[in-house]
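A.B. asks: Have a look at this one before I ask anything.
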Amino acid sequence: MQWLYLYFPNLQLDSLLHQQAYNQACVLVDKNEVVQTNSEARQLGIKIGTGLGQAALLCAQLKVIAYESKQEQRLLAQLAQRLYQTSATLYLDPPQGLLLQTSDMLRLYGGLAPYWQHLQQPLMDRGLHYHYASAHSPLAAQVLARAGNDRLLTNPDEATGLLRQLPIHHAGLSYKLSLQLERLGLNTLGQAQALPRSALGQRLGLTLVTYLQQLEDSSAPSRPAYQPPERFRQRLELLYEIEHSTALRFPLKRLLSDLEAFLAPRQLRVAGLSLGLEYREHTAERIHIGCSDGEYRAESWLSLSMLRLEQLRLQAPIIAISLKTKGQMPWAPLSAQLFEPSGGKLTAGQLISRLQNKLGDHAVQQVYLRDDHRPERSFYQGVPQSHYQIQQATTFLRPSLLFTLPQALNHKPDHQWCILSGPERIQSGWWDNVSICRDYFIARNPIGQVCWLFRTPREEWFLHGYFS
Amino acid sequence: MALLQLEKERLVWRARQLTGPDHRRQSSFYPTLDAHLQGGWPQTGLVELACGPAGIGELRLLLPLLAQAQSRLHVWINPPAELNGQALAQHGIDLSQTLLIRCQNPQQALWSAEQSLNSGCCSHLILWAPKLTAPQAKRLQVSAKDNQALMFWLHPQAEPSTSALPISARLSLAPLATGLRLQIHKYQGQWPQHSCQVDMHELWPSLAVPAHLPTHHGPAPLSNIAALPLKPR
């Protein structure tokens with residue numbers, strides 16, 4: 001079996017700086033020690049392992065960001081998710097490595113070189129620095145990649161040759177072990193390999209023997225291979241704090257294009273997004289963006305999201321955003337009407353989503369009927385649903401405009417009012433404590449409005465609607 | 001040839017062409033109104049209806065038309081009270097194709113109207129708004145025309161807007177016992193007519209008296225019936 005190892009020494013910093021056009025020295029710091037540097041920082045002489053104090057002396061305007069291993073693991077998983085589209089079997093090797101089994105994929109791509117080209121593209125798109133090596137065993141590939149070998153070797157002998165010449169302190173052994181080996185006069189890995197294993201095991205412990213065996217063992221690692229998640233979930237840390245909601249457009253676009261890359265090959269669409277905004281010194285907030293028809297394209301989601309974000313007032317500067325999906329469904333092309341007079345640009349569902357995102361979910365409604373004799377309860381307004389249940393309407397004449405709360409008439413209708421129909425008694429609702437007893441009349445008032453009036457047993461008169 | 005084409009499309013019309021139905025109109029299902037409007041409502045565009053107070057029969061004027069065209073959405077924006085689903089369903093309106101939008105401010109109402117028209121999936125739009133400026137009316141008129149939609153703008157003033165808005169028709173409505181009196185101030189493609197009476201007795205027998213009955217033979221005043229005893233509970 002053939003293996004390829006990808007090593008990302010600057011994973012978190014590269015992802016952070018990518019597309020954010022930052023050209024000052026910038027370092028990641030863990031426990032007062034520099035762990036990742038960008039090229040500007042390296043030019044100033046800041047090296048990995050430099051103390052924070054010394055780094056600050058070398059560059060006064062140094063941007064210092066805390067290293068987060070959790071965030072780096074997330075980034076590694078995102079990368080694996082993307083590379084999974086090119087390569088079927090891959091293993092995460094946290095915090096900064098990915099192991100790919102190449103032998104199965106070579107027939108599909110027709111050789112190692114075209115396969116490698118396919119792999120490189122997403123890495124370059126993300127602006128990542130990487131080292132790589134291919135070898136006959138997972139550990140050999142890992143050791144060679146971490147040593148910065150950067151070569152694709154097809155012949156196992158070549159890899160073995162390179163390993164033999166590898167200095168012992170580059171072999172990925174623990175510091176103590178490599179020091180012990182060097183004190184024995186073993187400066188390259190080849191020298192250690194040449195010695196009898198049992199003697200080595202007795203003197204230096206089992207770890208070294210296992211290590212040497214694994215260098216030659218081409219079988220797959222015992223841990224399970226990477227499985228892509230069922231649902232999309234991603235978080236993006238911002239290098240700059242964002243204070244205006246419209247400026248979220250660019251980072252959001254990045255997340256949405258990742259979403260599209262996630263959904264498109266799976267032939268899925270989602271009905272809603274949940275956008276998390278993480279504030280500085282303020283509790284995080286989640287915003288829901290809906291599209292009842294379901295959508296997967298980044299462009300459509302972006303325009304829907306911007307409708308909602310335009311109205312948002314940020315409570316504090318934003319330091320990170322995250323994206324989750326809701327209501328995943330299979331993608332199906334919408335059937336168009338062949339004989340319709342005009343080809344609609346949007347479907348009804350898309351129009352409703354646009355309106356809802358701008359005006360709020362409750363501003364856009366559909367009218368639903370209910371079996372109830374009480375006029376104000378015989379229908380209700382609710383959020384539009386894709387499947388509308390049609391119900392039979394009452395046969396009694398009802399006004400088209402109805403007041404939710406009947407309006408009390410100041411004085412009893414006099415001779416200037418003209419009765420058109422009535423009375424119609426509605427007495428109902430004794431079972432749920434909202435019982436009514438009303439005598440309804442249809443009457444035209446002096447200014448010509450056709451009103452729906454009712455009278456209560458207490459001789460109070462109310463206006464309930466208009467036959468508009 | 002080009003002129004003939006324009007005339008056929010009724011983009012250019014001769015002053016003597018006052019009669020004859022136009023195939024580019026949709027029937028209002030009120031024979032008298034169809035006769036006065038040379039075939040009915042326009043197929044597309046913006047129609048202003050100055051209604052005065054709500055409830056004089058302005059929706060009864062439109063419901064027969066709406067009940068006929070149900071292939072695309074009907075959008076209602078900011079009606080002055082709750083839209084009674086029972087009444088709409090009674091008159092044959094498909095509630096699954098009815099969308100109700102409530103906006104906080106006039107700008108949002110206009111935005112929703114324009115979005116609905118431009119989506120191409122809305123055939124009729126009814127907007128209640130107190131005022132439209134000429135540029136706003138023009139935008140809505142163009143959106144409606146481009147997307148084969150007919151938009152009605154209802155407002156509570158008794159008189160239509162005085163400024164010459166670039167829209168398809170401008171009418172004002174006044175209540176009558178028999179139905180409505182329509183004043184046609186502007187109608188694209190024909191001379192403005194003075195007024196016409198729409199008889200609603202045929203479609204709504206219990207809401208309008210027949211036209212041939214004199215008004216004083218109409219129903220009894222309410223005061224007589226108000227004294228009806230109500231059964232004690």
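We name chains A, B, ... following the order of the structure tokens; residues begin at 1 in each chain, and ligands are numbered from 1 as shown.
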Please return, as an NGL selection string, all residues of stretch 204-392 of chain A that DSSP assigns to strand (DSSP E or B) on the basis of the backbone.
C.D. replies: :A and (233-242 or 268-279 or 282-295 or 318-330 or 364-369 or 379-382)
A.B. asks: Which residue out of B:Gln38, B:Gln5, B:Asn84, B:Asn105 has the minimum interatomic distance to chain A when only C-alpha atoms are used?
C.D. replies: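 Residue with the minimum atom-to-atom distance to chain A: B:Asn84.
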A.B. asks: Residues of chain B were defined as contacting chain A if any atom lay at most 6 Å from it, counting only C-alpha atoms; please report them as a list in words.
C.D. replies: Gly55, Ile56, Gly57, Glu58, Leu59, Ala81, Glu82, Leu83, Asn84, Gly85, Gln86, Ala87, Ala89, Gln90, Ser96, Leu99, Leu100, Ile101, Arg102, Ser119, Gly120, Cys121, Pro175, Pro221, Leu222 and Ser223 of chain B
A.B. asks: List the spatial neighbours of A:Ser322 as a list in words - criterion: any atom at most 9 Å away, only C-alpha atoms, same-chain residues fewer than 2 positions off excluded.
C.D. replies: Arg233, Gln234, Arg235, Leu236, Glu237, Leu252, Leu255, Ser274, Leu275, Gly276, Leu277, Glu278, Ala320 and Lys324 of chain A
A.B. asks: Would you save the residues of that selection, restricted to N, CA and C atoms, as a PDB file, in the first residue's frame?
C.D. replies:
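Once everything was written out, this is out.pdb:
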ATOM      1  N   ARG A 233     -21.280  22.196   9.661  1.00  0.00           N
ATOM      2  CA  ARG A 233     -21.112  23.026  10.842  1.00  0.00           C
ATOM      3  C   ARG A 233     -19.729  23.627  10.758  1.00  0.00           C
ATOM      4  N   GLN A 234     -19.636  24.929  10.780  1.00  0.00           N
ATOM      5  CA  GLN A 234     -18.329  25.537  10.605  1.00  0.00           C
ATOM      6  C   GLN A 234     -18.231  26.843  11.374  1.00  0.00           C
ATOM      7  N   ARG A 235     -17.021  27.157  11.793  1.00  0.00           N
ATOM      8  CA  ARG A 235     -16.794  28.371  12.553  1.00  0.00           C
ATOM      9  C   ARG A 235     -15.630  29.090  11.922  1.00  0.00           C
ATOM     10  N   LEU A 236     -15.728  30.403  11.869  1.00  0.00           N
ATOM     11  CA  LEU A 236     -14.674  31.198  11.255  1.00  0.00           C
ATOM     12  C   LEU A 236     -14.268  32.283  12.237  1.00  0.00           C
ATOM     13  N   GLU A 237     -12.983  32.296  12.560  1.00  0.00           N
ATOM     14  CA  GLU A 237     -12.492  33.352  13.434  1.00  0.00           C
ATOM     15  C   GLU A 237     -12.045  34.519  12.582  1.00  0.00           C
ATOM     16  N   LEU A 252     -18.863  35.859   5.616  1.00  0.00           N
ATOM     17  CA  LEU A 252     -20.021  34.984   5.444  1.00  0.00           C
ATOM     18  C   LEU A 252     -19.960  34.275   4.091  1.00  0.00           C
ATOM     19  N   LEU A 255     -17.895  31.213   4.317  1.00  0.00           N
ATOM     20  CA  LEU A 255     -18.583  30.085   4.950  1.00  0.00           C
ATOM     21  C   LEU A 255     -19.613  29.484   4.006  1.00  0.00           C
ATOM     22  N   SER A 274     -28.486  28.698  10.576  1.00  0.00           N
ATOM     23  CA  SER A 274     -28.399  29.363  11.860  1.00  0.00           C
ATOM     24  C   SER A 274     -27.006  29.974  11.931  1.00  0.00           C
ATOM     25  N   LEU A 275     -26.990  31.285  11.931  1.00  0.00           N
ATOM     26  CA  LEU A 275     -25.721  32.001  11.888  1.00  0.00           C
ATOM     27  C   LEU A 275     -25.401  32.480  13.300  1.00  0.00           C
ATOM     28  N   GLY A 276     -24.296  32.020  13.819  1.00  0.00           N
ATOM     29  CA  GLY A 276     -23.903  32.414  15.170  1.00  0.00           C
ATOM     30  C   GLY A 276     -22.935  33.579  15.125  1.00  0.00           C
ATOM     31  N   LEU A 277     -23.216  34.606  15.901  1.00  0.00           N
ATOM     32  CA  LEU A 277     -22.339  35.772  15.973  1.00  0.00           C
ATOM     33  C   LEU A 277     -21.726  35.800  17.360  1.00  0.00           C
ATOM     34  N   GLU A 278     -20.407  35.739  17.413  1.00  0.00           N
ATOM     35  CA  GLU A 278     -19.743  35.764  18.715  1.00  0.00           C
ATOM     36  C   GLU A 278     -19.193  37.157  18.941  1.00  0.00           C
ATOM     37  N   ALA A 320     -16.010  36.312  15.880  1.00  0.00           N
ATOM     38  CA  ALA A 320     -16.059  35.049  15.138  1.00  0.00           C
ATOM     39  C   ALA A 320     -17.494  34.800  14.690  1.00  0.00           C
ATOM     40  N   LYS A 324     -24.525  26.850  11.037  1.00  0.00           N
ATOM     41  CA  LYS A 324     -25.106  25.516  11.180  1.00  0.00           C
ATOM     42  C   LYS A 324     -26.275  25.434  10.216  1.00  0.00           C
TER      43      LYS A 324
END
A.B. asks: Find the residues near A:Leu100: any atom within 6 Å, counting only C-alpha atoms, skip ones fewer than 4 places away on the same chain, and give them as a ChimeraX atom specification.
C.D. replies: /A:3-4,90
A.B. asks: Using only C-alpha atoms, which protein or nucleic acid residues come within 8 Å of B:His194? Drop anything in the same chain fewer than 2 positions from it, and give the result as a PyMOL selection string.
C.D. replies: chain B and resi 183-185+192+196
A.B. asks: Could you dump the residues just selected with C-alpha atoms as a PDB file, in the first residue's frame?
C.D. replies:
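Here's the written file part14.pdb:
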ATOM      1  CA  GLN B 183     -65.766  58.013 -11.422  1.00  0.00           C
ATOM      2  CA  ILE B 184     -63.235  57.222 -14.121  1.00  0.00           C
ATOM      3  CA  HIS B 185     -60.556  59.909 -14.048  1.00  0.00           C
ATOM      4  CA  PRO B 192     -61.985  59.505 -19.410  1.00  0.00           C
ATOM      5  CA  CYS B 196     -70.842  54.812 -14.168  1.00  0.00           C
TER       6      CYS B 196
END
A.B. asks: Pick from B:Ser71, B:Ser172, B:Gln108, B:Thr32: nearest to B:Leu95, with only C-alpha atoms counted?
C.D. replies: B:Ser71
A.B. asks: So which bits of stretch 191-327 of chain A end up helix (DSSP H, G or I) when you DSSP the backbone, as a PyMOL selection string?
C.D. replies: chain A and resi 191-194+197-204+206-216+245-266+298-309
A.B. asks: May I have the selected residues written with C-alpha atoms, as a PDB file, in the first residue's frame?
C.D. replies:
ATOM      1  CA  GLN A 191      22.491   3.309  11.717  1.00  0.00           C
ATOM      2  CA  ALA A 192      19.802   2.530  14.271  1.00  0.00           C
ATOM      3  CA  GLN A 193      17.966   0.278  11.788  1.00  0.00           C
ATOM      4  CA  ALA A 194      21.147  -1.728  11.138  1.00  0.00           C
ATOM      5  CA  ARG A 197      16.325  -5.221  17.331  1.00  0.00           C
ATOM      6  CA  SER A 198      16.497  -7.342  20.483  1.00  0.00           C
ATOM      7  CA  ALA A 199      19.656  -5.560  21.675  1.00  0.00           C
ATOM      8  CA  LEU A 200      18.089  -2.170  20.961  1.00  0.00           C
ATOM      9  CA  GLY A 201      14.971  -3.179  22.843  1.00  0.00           C
ATOM     10  CA  GLN A 202      16.956  -4.243  25.873  1.00  0.00           C
ATOM     11  CA  ARG A 203      18.987  -1.049  26.018  1.00  0.00           C
ATOM     12  CA  LEU A 204      16.563   1.653  24.891  1.00  0.00           C
ATOM     13  CA  LEU A 206      10.246  -1.139  23.493  1.00  0.00           C
ATOM     14  CA  THR A 207       9.179   2.227  22.032  1.00  0.00           C
ATOM     15  CA  LEU A 208      12.093   2.356  19.659  1.00  0.00           C
ATOM     16  CA  VAL A 209      11.556  -1.225  18.466  1.00  0.00           C
ATOM     17  CA  THR A 210       7.882  -0.567  17.778  1.00  0.00           C
ATOM     18  CA  TYR A 211       8.837   2.617  15.961  1.00  0.00           C
ATOM     19  CA  LEU A 212      11.308   0.803  13.723  1.00  0.00           C
ATOM     20  CA  GLN A 213       8.792  -1.931  12.978  1.00  0.00           C
ATOM     21  CA  GLN A 214       6.105   0.575  12.069  1.00  0.00           C
ATOM     22  CA  LEU A 215       8.469   2.286   9.635  1.00  0.00           C
ATOM     23  CA  GLU A 216       8.303  -0.854   7.517  1.00  0.00           C
ATOM     24  CA  SER A 245     -23.413  44.060  10.107  1.00  0.00           C
ATOM     25  CA  THR A 246     -22.965  44.702   6.369  1.00  0.00           C
ATOM     26  CA  ALA A 247     -19.229  44.051   6.699  1.00  0.00           C
ATOM     27  CA  LEU A 248     -20.100  40.458   7.599  1.00  0.00           C
ATOM     28  CA  ARG A 249     -20.711  39.868   3.916  1.00  0.00           C
ATOM     29  CA  PHE A 250     -17.155  38.789   3.113  1.00  0.00           C
ATOM     30  CA  PRO A 251     -16.498  36.301   5.898  1.00  0.00           C
ATOM     31  CA  LEU A 252     -20.021  34.984   5.444  1.00  0.00           C
ATOM     32  CA  LYS A 253     -19.391  34.457   1.756  1.00  0.00           C
ATOM     33  CA  ARG A 254     -16.459  32.225   2.662  1.00  0.00           C
ATOM     34  CA  LEU A 255     -18.583  30.085   4.950  1.00  0.00           C
ATOM     35  CA  LEU A 256     -21.396  29.874   2.416  1.00  0.00           C
ATOM     36  CA  SER A 257     -19.110  28.736  -0.379  1.00  0.00           C
ATOM     37  CA  ASP A 258     -17.874  25.989   1.940  1.00  0.00           C
ATOM     38  CA  LEU A 259     -21.521  25.150   2.568  1.00  0.00           C
ATOM     39  CA  GLU A 260     -22.161  24.902  -1.144  1.00  0.00           C
ATOM     40  CA  ALA A 261     -19.100  22.658  -1.535  1.00  0.00           C
ATOM     41  CA  PHE A 262     -20.539  20.492   1.233  1.00  0.00           C
ATOM     42  CA  LEU A 263     -24.095  20.289  -0.121  1.00  0.00           C
ATOM     43  CA  ALA A 264     -23.586  20.150  -3.879  1.00  0.00           C
ATOM     44  CA  PRO A 265     -21.777  16.775  -4.106  1.00  0.00           C
ATOM     45  CA  ARG A 266     -24.270  15.275  -1.667  1.00  0.00           C
ATOM     46  CA  ALA A 298     -23.972  30.247  -1.804  1.00  0.00           C
ATOM     47  CA  GLU A 299     -25.131  33.210  -3.884  1.00  0.00           C
ATOM     48  CA  SER A 300     -28.820  32.818  -2.991  1.00  0.00           C
ATOM     49  CA  TRP A 301     -28.040  32.246   0.652  1.00  0.00           C
ATOM     50  CA  LEU A 302     -25.860  35.327   0.700  1.00  0.00           C
ATOM     51  CA  SER A 303     -28.582  37.612  -0.644  1.00  0.00           C
ATOM     52  CA  LEU A 304     -31.111  36.152   1.817  1.00  0.00           C
ATOM     53  CA  SER A 305     -28.686  36.549   4.713  1.00  0.00           C
ATOM     54  CA  MET A 306     -27.882  40.123   3.813  1.00  0.00           C
ATOM     55  CA  LEU A 307     -31.597  41.027   3.915  1.00  0.00           C
ATOM     56  CA  ARG A 308     -31.646  39.906   7.504  1.00  0.00           C
ATOM     57  CA  LEU A 309     -28.255  41.278   8.480  1.00  0.00           C
TER      58      LEU A 309
END
A.B. asks: Pick out the residues sitting within 12 Å of B:Ile167, and hand them over as a ChimeraX atom specification; count only C-alpha atoms, and ignore anything fewer than 5 positions along from it in its own chain.
C.D. replies: /B:42,44-49,132-145,150-153,161,185-189
